[in-house]
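Peer 1: Please find input_24.csv (CSV, C-alpha atoms) on the next line:
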chain,number,residue,atom,x,y,z
A,248,MET,CA,0.0,0.0,0.0
A,249,LEU,CA,1.2,3.5,-0.9
A,250,GLN,CA,-0.1,6.9,0.2
A,251,PHE,CA,-0.6,10.0,-2.0
A,252,ASN,CA,-1.8,13.5,-1.3
A,253,LEU,CA,-3.8,15.2,-4.0
A,254,THR,CA,-4.8,18.8,-4.1
A,255,PRO,CA,-8.2,19.7,-5.7
A,256,ALA,CA,-6.3,20.8,-8.8
A,257,ALA,CA,-4.3,17.6,-8.9
A,258,GLY,CA,-7.5,15.6,-8.5
A,259,LYS,CA,-9.1,17.5,-11.5
A,260,ARG,CA,-6.1,16.6,-13.6
A,261,LEU,CA,-6.2,13.0,-12.6
A,262,ILE,CA,-9.9,12.8,-13.4
A,263,ALA,CA,-9.4,14.4,-16.8
A,264,ILE,CA,-6.6,12.0,-17.7
A,265,ALA,CA,-8.8,9.0,-16.8
A,266,ILE,CA,-12.0,10.3,-18.5
A,267,CYS,CA,-10.1,10.3,-21.8
A,268,ARG,CA,-9.8,6.5,-21.5
A,269,HIS,CA,-13.4,5.9,-20.4
A,270,PRO,CA,-14.8,3.4,-22.9
A,271,ALA,CA,-18.1,5.3,-23.4
A,272,VAL,CA,-16.1,8.5,-24.0
A,273,GLN,CA,-13.8,6.9,-26.5
A,274,LYS,CA,-16.7,5.3,-28.4
A,275,ALA,CA,-18.5,8.7,-28.6
A,276,LEU,CA,-15.4,10.4,-29.8
A,277,LEU,CA,-15.0,7.9,-32.6
A,278,LYS,CA,-18.7,8.1,-33.7
A,279,GLY,CA,-21.3,10.2,-31.9
A,280,THR,CA,-21.6,13.3,-29.9
A,281,LEU,CA,-19.7,14.1,-26.7
A,282,VAL,CA,-20.7,17.2,-24.7
A,283,ILE,CA,-18.4,18.6,-22.0
A,284,VAL,CA,-20.5,21.0,-20.0
A,285,ALA,CA,-18.6,24.0,-18.8
A,286,GLY,CA,-17.2,23.7,-15.3
A,287,THR,CA,-13.8,23.9,-13.5
A,288,THR,CA,-13.2,20.1,-13.4
A,289,ASN,CA,-14.5,19.7,-16.9
A,290,GLY,CA,-12.1,22.4,-18.0
A,291,TYR,CA,-9.3,20.0,-17.4
A,292,VAL,CA,-11.3,17.2,-19.1
A,293,ALA,CA,-11.9,19.3,-22.2
A,294,GLU,CA,-8.2,20.3,-22.3
A,295,GLU,CA,-7.1,16.6,-22.2
A,296,ILE,CA,-9.6,15.4,-24.7
A,297,LEU,CA,-9.0,18.3,-27.2
A,298,ARG,CA,-5.3,17.8,-26.8
A,299,GLY,CA,-5.7,14.1,-27.7
A,300,LEU,CA,-7.7,15.1,-30.8
A,301,GLY,CA,-5.1,17.7,-31.8
A,302,GLN,CA,-7.7,20.4,-31.5
A,303,ALA,CA,-6.7,22.2,-28.3
A,304,GLU,CA,-5.7,25.5,-30.0
A,305,GLY,CA,-7.9,28.3,-28.9
A,306,PHE,CA,-9.3,26.5,-25.8
A,307,ARG,CA,-8.7,28.2,-22.4
A,308,ARG,CA,-10.1,26.6,-19.2
A,309,SER,CA,-9.7,29.8,-17.2
A,310,ARG,CA,-13.2,30.9,-18.3
A,311,PHE,CA,-14.7,27.5,-18.8
A,312,PHE,CA,-17.5,27.8,-16.3
A,313,ARG,CA,-21.0,29.4,-15.9
A,314,GLY,CA,-21.1,29.8,-12.2
A,315,ILE,CA,-18.2,29.6,-9.7
A,316,ILE,CA,-17.8,29.7,-5.9
A,317,LEU,CA,-15.3,32.3,-4.9
A,318,PRO,CA,-13.7,33.6,-1.7
A,319,PRO,CA,-15.4,36.7,-0.2
A,320,GLU,CA,-12.9,39.1,-1.7
A,321,LEU,CA,-13.7,38.0,-5.3
A,322,LYS,CA,-17.4,38.5,-6.0
A,323,THR,CA,-17.6,39.8,-9.6
A,324,THR,CA,-15.6,40.2,-12.7
A,325,GLU,CA,-15.2,43.9,-11.8
A,326,SER,CA,-12.4,42.8,-9.4
A,327,GLY,CA,-10.2,42.7,-12.4
A,328,ARG,CA,-9.0,39.2,-11.5
A,329,LEU,CA,-11.7,37.2,-13.2
A,330,PRO,CA,-12.1,36.8,-16.9
A,331,ASP,CA,-15.0,38.8,-18.4
A,332,GLU,CA,-18.3,36.9,-18.9
A,333,ARG,CA,-18.0,37.8,-22.6
A,334,ASP,CA,-15.0,35.5,-22.8
A,335,PHE,CA,-17.1,32.4,-22.0
A,336,PRO,CA,-16.5,30.0,-24.9
A,337,GLY,CA,-19.6,27.8,-24.5
A,338,ASP,CA,-19.5,24.1,-23.8
A,339,VAL,CA,-17.3,21.8,-25.7
A,340,VAL,CA,-19.4,19.8,-28.2
A,341,ILE,CA,-17.5,17.2,-30.2
A,342,THR,CA,-19.3,15.2,-33.0
A,343,ASP,CA,-17.5,12.3,-34.7
A,344,GLY,CA,-14.2,13.6,-33.3
A,345,VAL,CA,-14.6,17.2,-34.4
A,346,TRP,CA,-15.0,20.1,-32.0
A,347,ARG,CA,-18.0,22.2,-33.0
A,348,ARG,CA,-16.8,25.5,-31.7
A,349,GLY,CA,-19.3,27.9,-30.3
A,350,LYS,CA,-21.9,25.3,-29.6
A,351,SER,CA,-23.4,24.5,-26.2
A,352,ILE,CA,-25.5,21.7,-24.7
A,353,PHE,CA,-28.6,23.8,-25.4
A,354,ASP,CA,-27.9,23.6,-29.1
A,355,VAL,CA,-27.5,19.8,-29.3
A,356,ALA,CA,-29.3,18.2,-26.3
A,357,GLU,CA,-32.5,17.5,-28.3
A,358,SER,CA,-30.6,15.7,-31.1
A,359,MET,CA,-28.5,13.5,-28.8
A,360,ARG,CA,-29.2,9.7,-28.8
A,361,GLU,CA,-28.2,6.5,-27.0
A,362,GLY,CA,-24.4,6.1,-27.4
A,363,ASP,CA,-23.7,9.8,-27.0
A,364,VAL,CA,-22.2,11.1,-23.8
A,365,ILE,CA,-22.6,14.1,-21.6
A,366,LEU,CA,-20.0,15.1,-19.0
A,367,LYS,CA,-21.5,17.3,-16.3
A,368,GLY,CA,-19.7,18.4,-13.1
A,369,ALA,CA,-21.3,18.5,-9.7
A,370,ASN,CA,-21.1,20.4,-6.4
A,371,ALA,CA,-21.9,17.8,-3.9
A,372,LEU,CA,-20.7,14.2,-3.6
A,373,ASP,CA,-22.2,11.4,-1.4
A,374,LEU,CA,-19.3,9.0,-1.7
A,375,ALA,CA,-20.8,6.2,0.3
A,376,ARG,CA,-24.0,6.1,-1.9
A,377,ARG,CA,-22.1,7.2,-5.1
A,378,HIS,CA,-24.6,10.0,-5.6
A,379,ALA,CA,-23.9,13.5,-6.8
A,380,ALA,CA,-25.9,16.8,-6.8
A,381,VAL,CA,-25.6,20.2,-8.6
A,382,LEU,CA,-26.3,23.6,-7.1
A,383,ILE,CA,-29.0,25.4,-9.2
A,384,GLY,CA,-29.2,29.1,-9.6
A,385,HIS,CA,-31.1,29.3,-12.9
A,386,PRO,CA,-34.9,29.5,-12.5
A,387,GLN,CA,-35.3,26.9,-15.3
A,388,GLY,CA,-32.6,24.5,-14.0
A,389,GLY,CA,-29.9,25.5,-16.5
A,390,THR,CA,-27.6,22.9,-18.1
A,391,THR,CA,-28.6,20.3,-15.5
A,392,ILE,CA,-32.2,20.1,-16.9
A,393,SER,CA,-30.9,19.8,-20.5
A,394,ALA,CA,-28.6,17.0,-19.5
A,395,LEU,CA,-31.3,15.1,-17.7
A,396,GLN,CA,-33.7,15.5,-20.6
A,397,ALA,CA,-31.2,13.7,-22.8
A,398,ALA,CA,-30.1,11.2,-20.2
A,399,ILE,CA,-33.5,10.2,-19.0
A,400,GLY,CA,-35.5,10.8,-22.2
A,401,ARG,CA,-33.1,9.2,-24.7
A,402,ARG,CA,-30.6,7.2,-22.6
A,403,VAL,CA,-27.7,9.4,-23.3
A,404,HIS,CA,-24.8,8.3,-21.0
A,405,LEU,CA,-24.4,11.0,-18.3
A,406,ILE,CA,-21.1,11.0,-16.5
A,407,LEU,CA,-20.4,13.2,-13.5
A,408,PRO,CA,-16.7,14.1,-13.0
A,409,VAL,CA,-16.5,15.3,-9.4
A,410,GLY,CA,-13.6,15.8,-7.1
A,411,LEU,CA,-13.4,14.3,-3.6
A,412,GLU,CA,-13.2,17.7,-2.0
A,413,LYS,CA,-16.9,18.1,-2.8
A,414,ARG,CA,-18.0,15.2,-0.6
A,415,VAL,CA,-20.8,15.9,1.9
A,416,PRO,CA,-22.3,13.7,4.6
A,417,GLY,CA,-25.8,12.5,4.5
A,418,ASP,CA,-28.5,11.8,1.9
A,419,LEU,CA,-28.5,14.3,-1.0
A,420,MET,CA,-32.2,13.6,-1.7
A,421,GLU,CA,-33.1,14.6,1.9
A,422,LEU,CA,-30.8,17.6,1.8
A,423,ALA,CA,-32.2,18.8,-1.5
A,424,ALA,CA,-35.8,18.5,-0.2
A,425,ARG,CA,-34.9,20.8,2.7
A,426,LEU,CA,-33.0,23.3,0.6
A,427,ASN,CA,-35.7,23.5,-2.2
A,428,MET,CA,-38.6,24.1,0.2
A,429,PRO,CA,-40.7,27.3,-0.5
A,430,GLY,CA,-39.6,30.2,1.6
A,431,ASN,CA,-35.9,29.4,1.7
A,432,SER,CA,-33.3,31.6,0.1
A,433,GLY,CA,-30.0,30.8,-1.7
A,434,LEU,CA,-29.1,28.2,-4.3
A,435,ARG,CA,-31.2,25.1,-4.8
A,436,LEU,CA,-29.8,21.6,-5.0
A,437,MET,CA,-30.6,18.9,-7.6
A,438,PRO,CA,-29.5,15.3,-7.1
A,439,VAL,CA,-28.5,14.0,-10.5
A,440,PRO,CA,-28.7,10.3,-11.6
A,441,GLY,CA,-25.6,9.5,-13.5
A,442,GLU,CA,-22.2,7.8,-13.3
A,443,VAL,CA,-20.2,9.4,-10.6
A,444,PHE,CA,-16.5,9.6,-11.5
A,445,SER,CA,-14.0,10.7,-8.8
A,446,GLU,CA,-10.3,10.4,-8.3
A,447,ILE,CA,-10.9,6.9,-6.8
A,448,ASP,CA,-12.6,5.9,-10.0
A,449,ALA,CA,-9.8,7.4,-12.1
A,450,ILE,CA,-7.2,5.4,-10.2
A,451,LYS,CA,-9.2,2.2,-10.8
A,452,LEU,CA,-9.7,2.8,-14.5
A,453,LEU,CA,-6.1,3.9,-15.1
A,454,THR,CA,-4.3,1.3,-13.1
A,455,GLY,CA,-6.7,-1.3,-11.7
A,456,ALA,CA,-5.6,-0.5,-8.2
A,457,GLU,CA,-8.0,0.3,-5.3
A,458,ALA,CA,-7.9,3.6,-3.4
A,459,GLU,CA,-9.6,5.0,-0.3
A,460,ILE,CA,-9.5,8.3,1.6
A,461,ILE,CA,-7.5,8.1,4.8
A,462,ALA,CA,-7.2,11.8,5.7
A,463,ALA,CA,-7.9,15.3,4.3
A,464,GLY,CA,-6.9,18.9,4.5
A,465,GLY,CA,-3.7,20.8,4.5
A,466,PHE,CA,-2.1,24.3,4.5
A,467,GLY,CA,-0.2,26.6,2.2
A,468,GLY,CA,-1.9,25.4,-0.9
A,469,ALA,CA,-2.9,22.0,0.3
A,470,GLU,CA,-6.3,23.2,1.6
A,471,GLY,CA,-9.0,20.8,0.4
A,472,SER,CA,-6.6,18.1,-0.4
A,473,VAL,CA,-7.2,14.4,0.2
A,474,ARG,CA,-4.8,11.7,1.3
A,475,LEU,CA,-5.4,8.4,-0.5
A,476,ALA,CA,-4.2,4.9,0.3
A,477,VAL,CA,-3.7,2.9,-2.8
A,478,ARG,CA,-3.3,-0.9,-2.9
A,479,GLY,CA,-2.9,-3.4,-5.7
A,480,SER,CA,-0.4,-5.7,-7.5
A,481,GLU,CA,3.2,-4.7,-7.9
A,482,GLU,CA,2.5,-3.7,-11.6
A,483,GLN,CA,-0.6,-1.7,-10.6
A,484,MET,CA,1.3,0.1,-7.8
A,485,GLU,CA,4.1,1.1,-10.2
A,486,MET,CA,1.6,2.5,-12.6
A,487,ALA,CA,-0.3,4.3,-9.9
A,488,GLU,CA,2.9,5.8,-8.4
A,489,LYS,CA,3.9,7.2,-11.8
A,490,ILE,CA,0.5,8.6,-12.7
A,491,LEU,CA,-0.3,10.1,-9.2
A,492,GLU,CA,3.1,11.7,-8.7
A,493,SER,CA,2.7,13.3,-12.1
A,494,ALA,CA,-0.7,14.6,-11.3
A,495,ALA,CA,0.3,15.8,-7.8
A,496,ILE,CA,2.5,18.6,-9.2
A,497,GLU,CA,-0.5,20.3,-10.9
A,498,PRO,CA,-0.6,24.0,-10.0
A,499,PRO,CA,-3.7,25.6,-8.5
A,500,PHE,CA,-6.5,26.5,-10.8
A,501,GLY,CA,-5.9,29.9,-12.3
A,502,LEU,CA,-8.5,32.4,-13.3
A,503,GLY,CA,-6.2,34.5,-15.4
Once you've parsed the file, please lay out its structure as structure tokens.
Peer 2:
Amino acid sequence: MLQFNLTPAAGKRLIAIAICRHPAVQKALLKGTLVIVAGTTNGYVAEEILRGLGQAEGFRRSRFFRGIILPPELKTTESGRLPDERDFPGDVVITDGVWRRGKSIFDVAESMREGDVILKGANALDLARRHAAVLIGHPQGGTTISALQAAIGRRVHLILPVGLEKRVPGDLMELAARLNMPGNSGLRLMPVPGEVFSEIDAIKLLTGAEAEIIAAGGFGGAEGSVRLAVRGSEEQMEMAEKILESAAIEPPFGLG
């Protein structure tokens, strides 16, 4: 057994590397439609996938999000430290291996069919039940509703890349019921049925090794990090050590 510490940024990179090798994603890239819905984790995913296709030129993950949770001192783009909303590139929509620049999930959701894939990030992770949920600010449900219409209505494969730093205790359905009650204020919460894909799943897919959280937290840039214990065969551990040590040096997510 070996131990590795992953910051949130390192976890995002690890998830992105693994998603590229996900069988459903590879199949959709070859023939079909893959939609990478904008989000900070999915920014890393889009970067890795577009790089693999040789189409990464012009993509910047620094503004690849619609909503973002910031520290109190950074509230709006007027701070000068956040990219302007007009720089938002839209989601990454890839059909038959070709990036359809400028398109979003709203443009293609109705035409997606079984065999296509949507990658949609999440804000809350119930690791024990393998459930995820998304914070909702849009009065019509935003991209989450579009993703669910395709996934439930036409069996489009919905994958939820989500970092372990977003884990919360308890039942997300019960939590959502309380948050969404009339009379409450703030964001709503929507549990999303889909394939949860965290750093633990990434390690399993990439190496075959098993991983579990044994500690969390840190200081000086390691805030939000998780310490994982990884076990497997000698070959699996060699592969895990190489991949995780490479991912571990990922710098913090930048907004510039």
Peer 1: Atom CA of A:Ile461 and atom CA of A:Arg474 are how many Å apart?
Peer 2: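 Distance between the two atoms: 5.7 Å.
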Peer 1: Find, counting all atoms listed in the file, the residue in A:Leu453, A:Ala371, A:Ala462, A:Ala257 that gets nearest to A:Met420.
Peer 2: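 Smallest separation from A:Met420 among the options: A:Ala371.
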Peer 1: Under the rule that only C-alpha atoms are counted, which of A:Ile406, A:Ala380, A:Leu452, A:Ile392 is the nearest residue to A:Val439?
Peer 2: A:Ala380
Peer 1: Using only C-alpha atoms, tabulate the residues of stretch 365-428 of chain A lying at most 10 Å from any atom of stretch 337-340 of chain A, each with its closest atom pair and that distance in Å to one decimal, by chain and increasing residue number, as JSON lines.
Peer 2:
{"residue": "A:Ile365", "atom": "CA", "partner": "A:Val340", "partner_atom": "CA", "distance": 9.3}
{"residue": "A:Leu366", "atom": "CA", "partner": "A:Val339", "partner_atom": "CA", "distance": 9.9}
{"residue": "A:Thr390", "atom": "CA", "partner": "A:Asp338", "partner_atom": "CA", "distance": 10.0}
Peer 1: Those residues you just picked out, can you put them in a file as a PDB file, in the coordinates of the input with C-alpha atoms?
Peer 2:
ATOM      1  CA  ILE A 365     -22.600  14.100 -21.600  1.00  0.00           C
ATOM      2  CA  LEU A 366     -20.000  15.100 -19.000  1.00  0.00           C
ATOM      3  CA  THR A 390     -27.600  22.900 -18.100  1.00  0.00           C
TER       4      THR A 390
END
Peer 1: Taking into account only C-alpha atoms, which residue in the set A:Asn427, A:Gln387, A:Ser445, A:Ser358 is nearest to A:Ile262?
Peer 2: A:Ser445
Peer 1: Please list as a VMD selection string every residue within 10 Å of A:Arg402, counting only C-alpha atoms and excluding residues in the same chain fewer than 3 positions away.
Peer 2: chain A and resid 359 to 364 395 to 399 405
Peer 1: Around the point (-12.0, 2.8, -4.7), in the coordinates given by the file, pick out the residues reaching within 10 Å, counting all atoms listed in the file, and return them as a PyMOL selection string.
Peer 2: chain A and resi 445-451+455-460+475-478
Peer 1: Using all atoms listed in the file, can you tell me which of A:Phe335, A:Phe306, A:Phe312, A:Phe466 comes closest to A:Gly286?
Peer 2: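 Nearest to A:Gly286: A:Phe312.
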Peer 1: For A:Thr342, which of A:Lys274, A:Arg310, A:Lys413, A:Lys367 is the closest residue, counting all atoms listed in the file?
Peer 2: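 Of A:Lys274, A:Arg310, A:Lys413, A:Lys367, the one nearest A:Thr342, counting all atoms listed in the file, is A:Lys274.
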Peer 1: Find, counting all atoms listed in the file, the residue in A:Met428, A:Leu419, A:Met437, A:Val282 that gets nearest to A:Gly389.
Peer 2: A:Met437
Peer 1: Provide the atom CA of A:His385 to atom CA of A:Val355 distance in Å, to one decimal place.
Peer 2: 19.3 Å
Peer 1: Between atom CA of A:Gln250 and atom CA of A:Thr288, what is the distance, to one decimal in Å?
Peer 2: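 About the pair atom CA of A:Gln250 and atom CA of A:Thr288: they are 23.0 Å apart.
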